[in-house]
$ cat structure29.cif   # mmCIF, C-alpha atoms
data_upload
#
loop_
_atom_site.label_atom_id
_atom_site.label_comp_id
_atom_site.auth_asym_id
_atom_site.auth_seq_id
_atom_site.Cartn_x
_atom_site.Cartn_y
_atom_site.Cartn_z
CA MET A 636 118.58 128.89 33.81
CA THR A 637 115.08 129.60 35.15
CA HIS A 638 113.05 132.27 33.40
CA LYS A 639 109.95 134.11 34.57
CA LEU A 640 107.73 134.27 31.50
CA LEU A 641 104.62 136.28 30.69
CA VAL A 642 102.64 135.08 27.67
CA VAL A 643 100.19 137.51 26.08
CA GLY A 644 97.34 135.36 24.78
CA GLY A 645 98.49 132.29 26.73
CA ASN A 646 95.17 130.47 26.40
CA GLY A 647 95.23 130.60 22.60
CA PHE A 648 96.47 128.11 20.01
CA VAL A 649 100.15 129.13 19.97
CA GLY A 650 100.24 130.85 23.36
CA SER A 651 99.06 127.77 25.25
CA THR A 652 101.71 125.65 23.56
CA VAL A 653 104.39 128.16 24.55
CA CYS A 654 103.14 127.97 28.15
CA ARG A 655 103.38 124.18 28.12
CA ALA A 656 106.86 124.18 26.59
CA ALA A 657 108.09 126.74 29.12
CA LEU A 658 106.70 124.75 32.05
CA GLY A 659 108.56 121.72 30.72
CA ARG A 660 111.77 123.70 31.21
CA GLY A 661 110.89 124.49 34.81
CA TRP A 662 110.09 128.14 34.11
CA GLU A 663 107.57 130.24 35.99
CA VAL A 664 104.73 131.07 33.61
CA ALA A 665 101.88 133.59 33.71
CA SER A 666 99.34 134.39 31.02
CA ILE A 667 97.13 137.37 30.26
CA SER A 668 94.12 137.32 27.97
CA SER A 669 90.80 139.10 27.59
CA SER A 670 88.95 136.27 29.33
CA GLY A 671 91.61 135.17 31.80
CA THR A 672 90.34 131.61 31.58
CA PRO A 673 92.77 128.66 31.55
CA PHE A 674 93.41 126.87 28.28
CA ARG A 675 90.97 124.12 27.35
CA THR A 676 91.09 121.64 24.48
CA PRO A 677 88.49 121.81 21.68
CA LYS A 678 86.50 119.19 23.64
CA GLY A 679 86.52 121.35 26.75
CA HIS A 680 89.14 119.46 28.75
CA LYS A 681 91.60 121.31 30.98
CA PRO A 682 95.02 119.64 30.68
CA GLY A 683 97.04 118.98 33.83
CA TRP A 684 99.81 121.43 32.97
CA ALA A 685 97.30 124.33 32.95
CA ALA A 686 97.14 124.17 36.76
CA HIS A 687 100.76 125.36 36.90
CA VAL A 688 100.15 128.56 34.89
CA SER A 689 99.01 131.77 36.57
CA TRP A 690 96.02 132.93 34.48
CA HIS A 691 95.00 136.60 34.50
CA THR A 692 92.39 138.79 32.85
CA ALA A 693 93.89 141.83 31.16
CA SER A 694 93.81 143.95 28.03
CA ALA A 695 97.08 144.36 26.16
CA LEU A 696 96.01 147.89 25.28
CA SER A 697 95.46 148.82 28.94
CA PRO A 698 98.82 148.69 30.78
CA ASN A 699 97.23 149.21 34.18
CA THR A 700 95.57 145.79 33.89
CA TYR A 701 98.90 143.92 33.75
CA ARG A 702 101.73 146.28 34.70
CA THR A 703 102.30 144.58 38.07
CA LEU A 704 102.52 141.18 36.37
CA LEU A 705 105.59 142.35 34.42
CA ARG A 706 107.60 142.83 37.60
CA GLY A 707 110.64 140.54 37.52
CA ARG A 708 109.75 138.93 34.19
CA THR A 709 112.85 137.96 32.22
CA ALA A 710 110.88 137.29 29.03
CA VAL A 711 107.58 138.34 27.46
CA VAL A 712 105.99 136.48 24.53
CA HIS A 713 103.26 138.20 22.50
CA THR A 714 101.08 135.68 20.63
CA VAL A 715 97.95 137.74 19.98
CA GLY A 716 97.00 138.26 16.35
CA THR A 717 94.32 137.96 13.72
CA LEU A 718 94.64 136.55 10.21
CA LEU A 719 91.34 137.85 8.83
CA GLU A 720 89.16 140.76 9.92
CA ILE A 721 86.00 138.70 9.58
CA ALA A 722 83.86 137.47 12.45
CA ARG A 723 83.06 134.18 10.73
CA TYR A 724 86.76 133.35 10.56
CA LYS A 725 87.31 133.48 14.34
CA GLU A 726 84.08 131.66 15.02
CA ALA A 727 84.92 128.93 12.51
CA VAL A 728 88.41 128.43 13.96
CA ARG A 729 87.07 128.06 17.50
CA ALA A 730 84.41 125.60 16.35
CA THR A 731 86.73 123.81 13.87
CA ASP A 732 84.03 124.52 11.28
CA VAL A 733 85.68 123.86 7.91
CA GLY A 734 82.67 125.09 5.97
CA GLY A 735 82.51 128.30 7.95
CA LEU A 736 86.22 128.86 7.46
CA ALA A 737 85.86 128.40 3.70
CA ARG A 738 83.02 130.91 3.62
CA ALA A 739 85.11 133.40 5.60
CA VAL A 740 88.02 133.10 3.18
CA GLY A 741 85.54 133.35 0.32
CA GLY A 742 84.31 136.61 1.77
CA VAL A 743 87.85 138.01 1.63
CA LEU A 744 88.28 136.88 -1.97
CA ALA A 745 84.94 138.50 -2.83
CA GLY A 746 86.17 141.78 -1.34
CA GLY A 747 83.92 141.78 1.72
CA GLU A 748 85.09 143.73 4.74
CA GLY A 749 83.60 141.48 7.39
CA ARG A 750 83.80 142.10 11.09
CA ASN A 751 86.00 140.77 13.83
CA PRO A 752 83.89 139.39 16.72
CA LEU A 753 85.76 141.49 19.26
CA LYS A 754 84.34 144.72 17.95
CA ARG A 755 81.67 145.76 15.46
CA GLY A 756 82.81 148.90 13.69
CA ALA A 757 82.87 150.35 10.23
CA SER A 758 86.46 151.59 10.18
CA THR A 759 89.48 149.48 9.26
CA ARG A 760 91.07 151.11 12.31
CA HIS A 761 88.42 149.79 14.71
CA PRO A 762 89.69 148.18 17.95
CA ALA A 763 89.89 144.72 16.37
CA SER A 764 91.56 145.69 13.11
CA TYR A 765 94.89 144.37 11.86
CA GLU A 766 96.48 147.61 13.03
CA THR A 767 95.13 147.30 16.56
CA ILE A 768 95.47 143.57 17.15
CA ASN A 769 98.64 142.73 15.21
CA ARG A 770 100.56 145.95 15.81
CA ASP A 771 99.25 148.17 18.58
CA THR A 772 98.77 145.46 21.24
CA ALA A 773 102.39 144.35 20.79
CA LEU A 774 103.79 147.87 20.91
CA ARG A 775 101.79 148.74 24.02
CA VAL A 776 102.96 145.64 25.89
CA CYS A 777 106.56 146.26 24.81
CA GLU A 778 106.42 149.87 25.99
CA THR A 779 104.94 148.80 29.32
CA TYR A 780 107.63 146.13 29.78
CA LEU A 781 110.43 148.61 29.10
CA SER A 782 108.79 151.09 31.47
CA ALA A 783 108.51 148.47 34.22
CA ILE A 784 112.22 147.67 33.94
CA LYS A 785 113.17 151.35 34.00
CA GLU A 786 110.94 152.19 36.95
CA ALA A 787 111.96 149.26 39.17
CA PRO A 788 115.29 147.83 37.94
CA ASP A 789 115.97 146.12 41.27
CA ALA A 790 112.91 143.91 40.73
CA PHE A 791 114.59 142.25 37.75
CA PRO A 792 117.55 139.83 37.88
CA ARG A 793 120.71 141.61 36.79
CA ASP A 794 122.97 138.59 36.28
CA ALA A 795 124.61 137.88 32.93
CA GLU A 796 122.58 134.70 32.44
CA HIS A 797 119.26 136.55 32.30
CA MET A 798 120.34 139.71 30.48
CA PRO A 799 119.44 141.05 28.09
CA TYR A 800 115.78 140.31 28.75
CA VAL A 801 113.64 139.14 25.84
CA PHE A 802 110.52 140.36 24.08
CA VAL A 803 109.33 137.73 21.61
CA TYR A 804 106.74 138.70 19.02
CA LEU A 805 104.89 136.04 17.05
CA SER A 806 105.08 137.36 13.50
CA ALA A 807 104.80 135.40 10.24
CA GLU A 808 106.48 134.56 6.97
CA ASP A 809 105.15 136.62 4.07
CA MET A 810 102.85 133.98 2.60
CA GLY A 811 99.36 133.69 1.21
CA ARG A 812 99.09 137.04 -0.51
CA PRO A 813 96.95 138.08 -2.30
CA VAL A 814 94.47 135.64 -0.67
CA ILE A 815 95.54 136.96 2.72
CA PRO A 816 95.18 140.76 2.72
CA ARG A 817 98.39 142.76 2.43
CA ARG A 818 97.60 144.64 5.63
CA TYR A 819 98.02 141.44 7.63
CA ILE A 820 101.74 141.15 6.93
CA GLU A 821 102.21 144.94 6.80
CA THR A 822 101.01 145.28 10.39
CA LYS A 823 103.18 142.34 11.46
CA ARG A 824 106.26 144.02 9.97
CA ALA A 825 105.24 147.37 11.46
CA ALA A 826 105.09 145.75 14.89
CA GLU A 827 108.55 144.25 14.41
CA HIS A 828 109.99 147.60 13.40
CA GLY A 829 108.29 149.39 16.28
CA ILE A 830 109.55 146.89 18.84
CA GLU A 831 113.07 147.09 17.42
CA GLU A 832 113.06 150.88 17.68
CA ARG A 833 111.80 150.79 21.26
CA CYS A 834 114.28 148.13 22.41
CA GLU A 835 117.33 149.76 20.85
CA GLY A 836 119.79 150.81 23.55
CA THR A 837 117.84 149.04 26.33
CA ASP A 838 118.27 145.83 28.32
CA VAL A 839 115.72 144.06 26.12
CA ARG A 840 116.36 142.24 22.84
CA GLY A 841 113.55 141.83 20.35
CA VAL A 842 112.95 138.47 18.67
CA TYR A 843 110.42 138.14 15.84
CA ILE A 844 109.34 134.57 15.20
CA ARG A 845 108.16 134.12 11.59
CA PRO A 846 106.56 130.68 11.16
CA SER A 847 104.94 129.36 8.01
CA PHE A 848 101.52 127.67 8.16
CA ILE A 849 101.03 126.36 11.72
CA TYR A 850 99.13 123.13 12.27
CA HIS A 851 98.09 120.59 14.89
CA PRO A 852 96.01 117.48 14.11
CA HIS A 853 94.02 117.57 17.37
CA LEU A 854 93.84 121.20 18.48
CA ARG A 855 93.14 122.37 14.90
CA PRO A 856 91.97 119.30 12.93
CA PHE A 857 91.14 121.29 9.78
CA THR A 858 94.80 122.35 9.50
CA THR A 859 96.00 118.80 8.86
CA PRO A 860 94.95 118.44 5.18
CA ILE A 861 96.22 121.95 4.45
CA ALA A 862 99.53 121.08 6.09
CA ALA A 863 99.76 117.86 4.07
CA LEU A 864 99.30 119.74 0.80
CA ALA A 865 101.79 122.42 1.86
CA SER A 866 104.35 119.79 2.81
CA LEU A 867 103.91 117.99 -0.53
CA SER A 868 104.32 121.25 -2.43
CA ALA A 869 107.45 122.19 -0.48
CA THR A 870 108.98 118.76 -1.06
CA LEU A 871 108.29 118.83 -4.80
CA HIS A 872 109.73 122.32 -5.16
CA SER A 873 112.84 121.60 -3.08
CA HIS A 874 113.68 118.45 -5.08
CA ALA A 875 112.89 119.80 -8.54
CA PRO A 876 115.85 119.96 -10.99
CA SER A 877 117.38 123.43 -11.12
CA LEU A 878 116.37 123.97 -14.76
CA LEU A 879 112.76 122.87 -14.30
CA PRO A 880 110.35 125.85 -14.39
CA THR A 881 108.37 125.03 -11.26
CA PRO A 882 105.34 127.17 -10.37
CA SER A 883 107.29 129.04 -7.68
CA ARG A 884 110.19 129.78 -10.03
CA VAL A 885 107.78 131.06 -12.65
CA LEU A 886 106.11 133.32 -10.07
CA HIS A 887 109.46 134.69 -8.88
CA ALA A 888 110.47 135.35 -12.49
CA LEU A 889 107.21 137.16 -13.22
CA ALA A 890 107.63 139.28 -10.11
CA ARG A 891 111.14 140.28 -11.13
CA ALA A 892 109.98 141.05 -14.67
CA GLN A 893 107.19 143.30 -13.39
CA SER A 894 109.45 145.23 -11.05
CA PRO A 895 110.47 148.61 -12.48
CA ASP A 896 113.48 148.68 -10.17
CA PRO A 897 116.05 145.86 -10.23
CA ARG A 898 116.92 146.77 -6.66
CA SER A 899 113.40 145.89 -5.51
CA PRO A 900 113.04 143.85 -2.29
CA SER A 901 114.10 140.23 -2.38
CA PRO A 902 111.53 137.50 -1.63
CA ALA A 903 112.78 137.19 1.95
CA PRO A 904 113.65 140.59 3.46
CA SER A 905 115.67 140.30 6.66
CA HIS A 906 115.23 143.81 8.03
CA THR A 907 112.03 144.52 9.93
CA ASN A 908 111.40 147.75 8.01
CA THR A 909 112.15 146.44 4.50
CA PRO A 910 109.30 147.16 2.04
CA LEU A 911 107.20 144.13 1.14
CA PRO A 912 108.08 142.33 -2.09
CA SER A 913 105.57 141.61 -4.84
CA ALA A 914 102.55 139.46 -4.00
CA LEU A 915 103.87 137.05 -6.64
CA HIS A 916 106.94 136.49 -4.48
CA ALA A 917 104.69 135.84 -1.48
CA LEU A 918 102.61 133.37 -3.47
CA ALA A 919 105.78 131.60 -4.60
CA THR A 920 106.98 131.40 -0.99
CA THR A 921 103.66 129.79 -0.07
CA LEU A 922 104.46 126.97 -2.49
CA GLU A 923 108.03 126.57 -1.26
CA LEU A 924 107.86 126.60 2.54
CA PRO A 925 106.73 123.53 4.50
CA PRO A 926 104.23 123.90 7.35
CA ILE A 927 105.34 123.79 10.97
CA HIS A 928 103.77 122.00 13.93
CA VAL A 929 102.68 124.30 16.74
CA ASP A 930 104.88 122.36 19.19
CA HIS A 931 107.91 123.24 17.07
CA VAL A 932 106.91 126.91 17.06
CA ALA A 933 106.80 126.87 20.86
CA GLU A 934 110.14 125.06 21.03
CA ALA A 935 111.73 127.67 18.75
CA VAL A 936 110.33 130.44 20.96
CA CYS A 937 111.86 128.90 24.08
CA ARG A 938 115.19 128.28 22.35
CA ALA A 939 115.25 131.91 21.22
CA ILE A 940 114.68 133.01 24.82
CA GLU A 941 117.49 130.77 26.09
CA ARG A 942 120.04 131.83 23.49
CA GLN A 943 121.26 135.39 23.96
CA ASP A 944 122.71 135.49 20.44
CA VAL A 945 119.24 135.24 18.90
CA ARG A 946 117.64 138.57 18.06
CA GLY A 947 115.71 140.16 15.21
CA PRO A 948 113.67 138.24 12.61
CA VAL A 949 113.70 134.45 12.93
CA GLY A 950 112.25 132.91 9.77
CA LEU A 951 111.17 129.33 9.24
CA ARG A 952 114.60 128.02 8.26
CA ARG A 953 116.21 129.65 11.30
CA MET A 954 113.45 128.24 13.51
CA ARG A 955 114.19 124.74 12.22
CA GLU A 956 117.87 125.26 12.98
CA LEU A 957 117.09 126.39 16.52
CA ILE A 958 115.16 123.19 17.27
CA GLY A 959 117.88 121.03 15.69
CA TRP A 960 116.31 120.31 12.34
CA GLY A 961 119.01 122.12 10.39
CA GLU A 962 121.70 119.68 11.52
CA ARG A 963 119.39 116.73 10.98
CA GLU A 964 118.56 117.81 7.42
CA ARG A 965 122.22 118.44 6.52
CA GLY A 966 123.19 115.07 7.98
CA GLY A 967 120.46 113.16 6.22
#
$ encode --input "structure29.cif" --output "structure tokens"
Amino acid sequence: MTHKLLVVGGNGFVGSTVCRAALGRGWEVASISSSGTPFRTPKGHKPGWAAHVSWHTASALSPNTYRTLLRGRTAVVHTVGTLLEIARYKEAVRATDVGGLARAVGGVLAGGEGRNPLKRGASTRHPASYETINRDTALRVCETYLSAIKEAPDAFPRDAEHMPYVFVYLSAEDMGRPVIPRRYIETKRAAEHGIEERCEGTDVRGVYIRPSFIYHPHLRPFTTPIAALASLSATLHSHAPSLLPTPSRVLHALARAQSPDPRSPSPAPSHTNTPLPSALHALATTLELPPIHVDHVAEAVCRAIERQDVRGPVGLRRMRELIGWGERERGG
């Protein structure tokens, strides 16, 4: 089956990998981003596959800049997001500056507000806030996609193989709190819930990909040592004897003890509008979940598009099953 895919943020870390994976399947791929420039490696090289993507300049918050590009698209993938509202963070990531990244995280721990490089503003609701980037851009693109289908249904394939169409949102596992601000995951979950509400009763199914820590040794060299530590921690926790009080088990126990309500959210809520669990649960999850290579994230996205039975939240374990790791792990 050939899909026509639009990737929001297709020249970014995850978005570019989704573009490449989709091209490998023979799909037609277009990308929109604020710059509209084709993807380039950290050394400035333009890979050969980039010539087969249609690159466009657009703002996710301005439907008129990309509405015509949605015509006939059988799937849309939203990969835009920000982890920290601090300018130094984005700059350090682009420059693979480990020291700068550490200072940015240190600023969060110290309680500094920081500024996102896209917009200097004093309000947490400025145009580059968590609310705007993680939530509002996704909801605006989703609304525009649904509107495009409603206004010109004949422009979209109506065969059973392509329907329902797909809106994939790159979300995240609830990890890293309280180091990562609560609003980061809150806005991710708010986007999921908003997309689900908008897609209900339509020809579009929402899929919310929730990866753990994403790494790549060449595109993001500084992620490799972090991924190695995360993988070691996950392995130790998964193989620990059931009666051994591992750090994650202790954190989960403390979270349950602190909860005034025994019906409080579980560590891994499945519904997009479920209240967030304690930060202790999130910290425990950070110790338990292995990292995931960006290529595997892109593969899971494409598998989710191909499989019409996939909808709603897709956590790390489900992602690994989609790419065939579940069977491999059970067999080995």
$ atom_distance --input "structure29.cif" --atom1 "atom CA of A:Ile815" --atom2 "atom CA of A:Arg955"
24.2 Å
$ resolve_selection --input "structure29.cif" --expression "the PyMOL selection byres ((chain A and resi 929) around 9)" --output "MDAnalysis selection string"
chainID A and resid 648:649 652:653 849:851 927:928 930:934
$ resolve_selection --input "structure29.cif" --expression "the PyMOL selection byres ((chain A and resi 877-884) around 9)" --output "list in words"
Leu871, His872, His874, Ala875, Pro876, Val885, Leu886, His887, Ala888, Leu889, Leu915, His916, Leu918, Ala919, Thr920, Thr921, Leu922 and Glu923 of chain A
$ axis_aligned_box --input "structure29.cif" --around "stretch 760-777 of chain A" --padding-each-side "8 Å" --output "lines of an AutoDock Vina configuration file"
center_x = 97.5
center_y = 146.9
center_z = 18.9
size_x = 34.1
size_y = 24.4
size_z = 30.0
$ closest_atom_pairs --input "structure29.cif" --of "stretch 805-902 of chain A" --to "stretch 771-793 of chain A" --cutoff "7 Å" --atoms "only C-alpha atoms" --output "JSON lines"
{"residue": "A:Ala826", "atom": "CA", "partner": "A:Leu774", "partner_atom": "CA", "distance": 6.5}
{"residue": "A:Gly829", "atom": "CA", "partner": "A:Leu774", "partner_atom": "CA", "distance": 6.6}
{"residue": "A:Ile830", "atom": "CA", "partner": "A:Leu774", "partner_atom": "CA", "distance": 6.2}
$ write_last_selection --input "structure29.cif" --atoms "C-alpha atoms" --output "compact mmCIF listing (two decimals), in the coordinates of the input"
# COMPACT_ATOMS: atom_id res chain seq x y z
CA ALA A 826 105.09 145.75 14.89
CA GLY A 829 108.29 149.39 16.28
CA ILE A 830 109.55 146.89 18.84
$ atom_distance --input "structure29.cif" --atom1 "atom CA of A:Leu957" --atom2 "atom CA of A:Ile844"
11.3 Å
$ resolve_selection --input "structure29.cif" --expression "the PyMOL selection byres ((chain A and resi 936) around 12)" --output "PyMOL selection string"
chain A and resi 640+642+649-650+652-657+710-714+801-806+841-846+929-935+937-942+945-946+948-951+953-955+957-958
$ residues_near_point --input "structure29.cif" --point "(91.4, 122.3, 27.9)" --cutoff "12 Å" --atoms "only C-alpha atoms" --output "ChimeraX atom specification"
/A:646-648,651-652,672-686,853-854
$ atom_distance --input "structure29.cif" --atom1 "atom CA of A:Asp944" --atom2 "atom CA of A:Glu956"
13.6 Å
$ closest_residue --input "structure29.cif" --among "A:Thr709, A:Thr858, A:Ser694, A:Asn699" --to "A:His797" --atoms "all atoms listed in the file"
A:Thr709
$ closest_residue --input "structure29.cif" --among "A:Gly836, A:Ser669, A:Ser913, A:Gly645" --to "A:Ser697" --atoms "only C-alpha atoms"
A:Ser669
$ closest_residue --input "structure29.cif" --among "A:Trp960, A:Tyr701, A:Trp662, A:Tyr765" --to "A:Gly716" --atoms "all atoms listed in the file"
A:Tyr765
$ closest_residue --input "structure29.cif" --among "A:Asp809, A:Glu796, A:Glu720, A:Glu832" --to "A:Ser764" --atoms "all atoms listed in the file"
A:Glu720
$ decode --input "structure29.cif" --residues "stretch 651-662 of chain A" --atoms "all heavy atoms" --output "PDB file, in the first residue's frame"
ATOM      1  N   SER A 651      13.029  13.780  10.338  1.00  0.00           N
ATOM      2  CA  SER A 651      13.839  13.395   9.179  1.00  0.00           C
ATOM      3  C   SER A 651      13.964  11.876   9.081  1.00  0.00           C
ATOM      4  O   SER A 651      13.972  11.310   7.981  1.00  0.00           O
ATOM      5  CB  SER A 651      15.237  14.022   9.271  1.00  0.00           C
ATOM      6  OG  SER A 651      15.926  13.571  10.431  1.00  0.00           O
ATOM      7  N   THR A 652      14.042  11.221  10.222  1.00  0.00           N
ATOM      8  CA  THR A 652      14.151   9.771  10.217  1.00  0.00           C
ATOM      9  C   THR A 652      12.850   9.129   9.766  1.00  0.00           C
ATOM     10  O   THR A 652      12.852   8.099   9.074  1.00  0.00           O
ATOM     11  CB  THR A 652      14.533   9.251  11.616  1.00  0.00           C
ATOM     12  OG1 THR A 652      15.607  10.048  12.138  1.00  0.00           O
ATOM     13  CG2 THR A 652      14.984   7.807  11.570  1.00  0.00           C
ATOM     14  N   VAL A 653      11.714   9.733  10.130  1.00  0.00           N
ATOM     15  CA  VAL A 653      10.418   9.257   9.645  1.00  0.00           C
ATOM     16  C   VAL A 653      10.344   9.420   8.131  1.00  0.00           C
ATOM     17  O   VAL A 653       9.876   8.522   7.414  1.00  0.00           O
ATOM     18  CB  VAL A 653       9.268  10.021  10.335  1.00  0.00           C
ATOM     19  CG1 VAL A 653       7.928   9.690   9.672  1.00  0.00           C
ATOM     20  CG2 VAL A 653       9.217   9.693  11.816  1.00  0.00           C
ATOM     21  N   CYS A 654      10.808  10.559   7.622  1.00  0.00           N
ATOM     22  CA  CYS A 654      10.818  10.774   6.168  1.00  0.00           C
ATOM     23  C   CYS A 654      11.613   9.688   5.466  1.00  0.00           C
ATOM     24  O   CYS A 654      11.165   9.110   4.459  1.00  0.00           O
ATOM     25  CB  CYS A 654      11.414  12.145   5.847  1.00  0.00           C
ATOM     26  SG  CYS A 654      10.394  13.564   6.289  1.00  0.00           S
ATOM     27  N   ARG A 655      12.788   9.397   5.979  1.00  0.00           N
ATOM     28  CA  ARG A 655      13.656   8.388   5.356  1.00  0.00           C
ATOM     29  C   ARG A 655      13.006   7.006   5.392  1.00  0.00           C
ATOM     30  O   ARG A 655      13.037   6.258   4.407  1.00  0.00           O
ATOM     31  CB  ARG A 655      15.015   8.370   6.056  1.00  0.00           C
ATOM     32  CG  ARG A 655      15.971   7.314   5.528  1.00  0.00           C
ATOM     33  CD  ARG A 655      17.401   7.598   5.967  1.00  0.00           C
ATOM     34  NE  ARG A 655      17.524   7.781   7.394  1.00  0.00           N
ATOM     35  CZ  ARG A 655      17.655   6.781   8.275  1.00  0.00           C
ATOM     36  NH1 ARG A 655      17.654   5.523   7.855  1.00  0.00           N
ATOM     37  NH2 ARG A 655      17.783   7.032   9.564  1.00  0.00           N
ATOM     38  N   ALA A 656      12.407   6.651   6.533  1.00  0.00           N
ATOM     39  CA  ALA A 656      11.769   5.342   6.655  1.00  0.00           C
ATOM     40  C   ALA A 656      10.572   5.220   5.720  1.00  0.00           C
ATOM     41  O   ALA A 656      10.335   4.156   5.127  1.00  0.00           O
ATOM     42  CB  ALA A 656      11.336   5.118   8.102  1.00  0.00           C
ATOM     43  N   ALA A 657       9.823   6.300   5.564  1.00  0.00           N
ATOM     44  CA  ALA A 657       8.662   6.285   4.677  1.00  0.00           C
ATOM     45  C   ALA A 657       9.087   6.158   3.216  1.00  0.00           C
ATOM     46  O   ALA A 657       8.471   5.417   2.439  1.00  0.00           O
ATOM     47  CB  ALA A 657       7.833   7.551   4.884  1.00  0.00           C
ATOM     48  N   LEU A 658      10.141   6.866   2.840  1.00  0.00           N
ATOM     49  CA  LEU A 658      10.656   6.747   1.468  1.00  0.00           C
ATOM     50  C   LEU A 658      11.095   5.319   1.174  1.00  0.00           C
ATOM     51  O   LEU A 658      10.916   4.808   0.058  1.00  0.00           O
ATOM     52  CB  LEU A 658      11.829   7.703   1.260  1.00  0.00           C
ATOM     53  CG  LEU A 658      11.501   9.195   1.187  1.00  0.00           C
ATOM     54  CD1 LEU A 658      12.793  10.013   1.160  1.00  0.00           C
ATOM     55  CD2 LEU A 658      10.653   9.505  -0.048  1.00  0.00           C
ATOM     56  N   GLY A 659      11.666   4.667   2.182  1.00  0.00           N
ATOM     57  CA  GLY A 659      12.103   3.283   2.009  1.00  0.00           C
ATOM     58  C   GLY A 659      10.953   2.344   1.723  1.00  0.00           C
ATOM     59  O   GLY A 659      11.160   1.236   1.208  1.00  0.00           O
ATOM     60  N   ARG A 660       9.744   2.757   2.056  1.00  0.00           N
ATOM     61  CA  ARG A 660       8.544   1.961   1.778  1.00  0.00           C
ATOM     62  C   ARG A 660       7.903   2.342   0.452  1.00  0.00           C
ATOM     63  O   ARG A 660       6.852   1.809   0.082  1.00  0.00           O
ATOM     64  CB  ARG A 660       7.531   2.147   2.905  1.00  0.00           C
ATOM     65  CG  ARG A 660       7.878   1.390   4.179  1.00  0.00           C
ATOM     66  CD  ARG A 660       6.987   1.828   5.324  1.00  0.00           C
ATOM     67  NE  ARG A 660       6.900   0.832   6.382  1.00  0.00           N
ATOM     68  CZ  ARG A 660       7.848   0.586   7.270  1.00  0.00           C
ATOM     69  NH1 ARG A 660       8.973   1.286   7.219  1.00  0.00           N
ATOM     70  NH2 ARG A 660       7.683  -0.346   8.185  1.00  0.00           N
ATOM     71  N   GLY A 661       8.495   3.304  -0.237  1.00  0.00           N
ATOM     72  CA  GLY A 661       7.947   3.746  -1.506  1.00  0.00           C
ATOM     73  C   GLY A 661       6.829   4.760  -1.376  1.00  0.00           C
ATOM     74  O   GLY A 661       6.083   4.998  -2.320  1.00  0.00           O
ATOM     75  N   TRP A 662       6.715   5.397  -0.199  1.00  0.00           N
ATOM     76  CA  TRP A 662       5.658   6.369   0.013  1.00  0.00           C
ATOM     77  C   TRP A 662       6.042   7.736  -0.544  1.00  0.00           C
ATOM     78  O   TRP A 662       7.236   8.066  -0.663  1.00  0.00           O
ATOM     79  CB  TRP A 662       5.338   6.510   1.504  1.00  0.00           C
ATOM     80  CG  TRP A 662       4.842   5.256   2.152  1.00  0.00           C
ATOM     81  CD1 TRP A 662       4.544   4.076   1.546  1.00  0.00           C
ATOM     82  CD2 TRP A 662       4.591   5.068   3.549  1.00  0.00           C
ATOM     83  NE1 TRP A 662       4.117   3.153   2.472  1.00  0.00           N
ATOM     84  CE2 TRP A 662       4.131   3.731   3.717  1.00  0.00           C
ATOM     85  CE3 TRP A 662       4.698   5.879   4.678  1.00  0.00           C
ATOM     86  CZ2 TRP A 662       3.791   3.201   4.960  1.00  0.00           C
ATOM     87  CZ3 TRP A 662       4.361   5.354   5.915  1.00  0.00           C
ATOM     88  CH2 TRP A 662       3.901   4.035   6.052  1.00  0.00           C
TER      89      TRP A 662
END
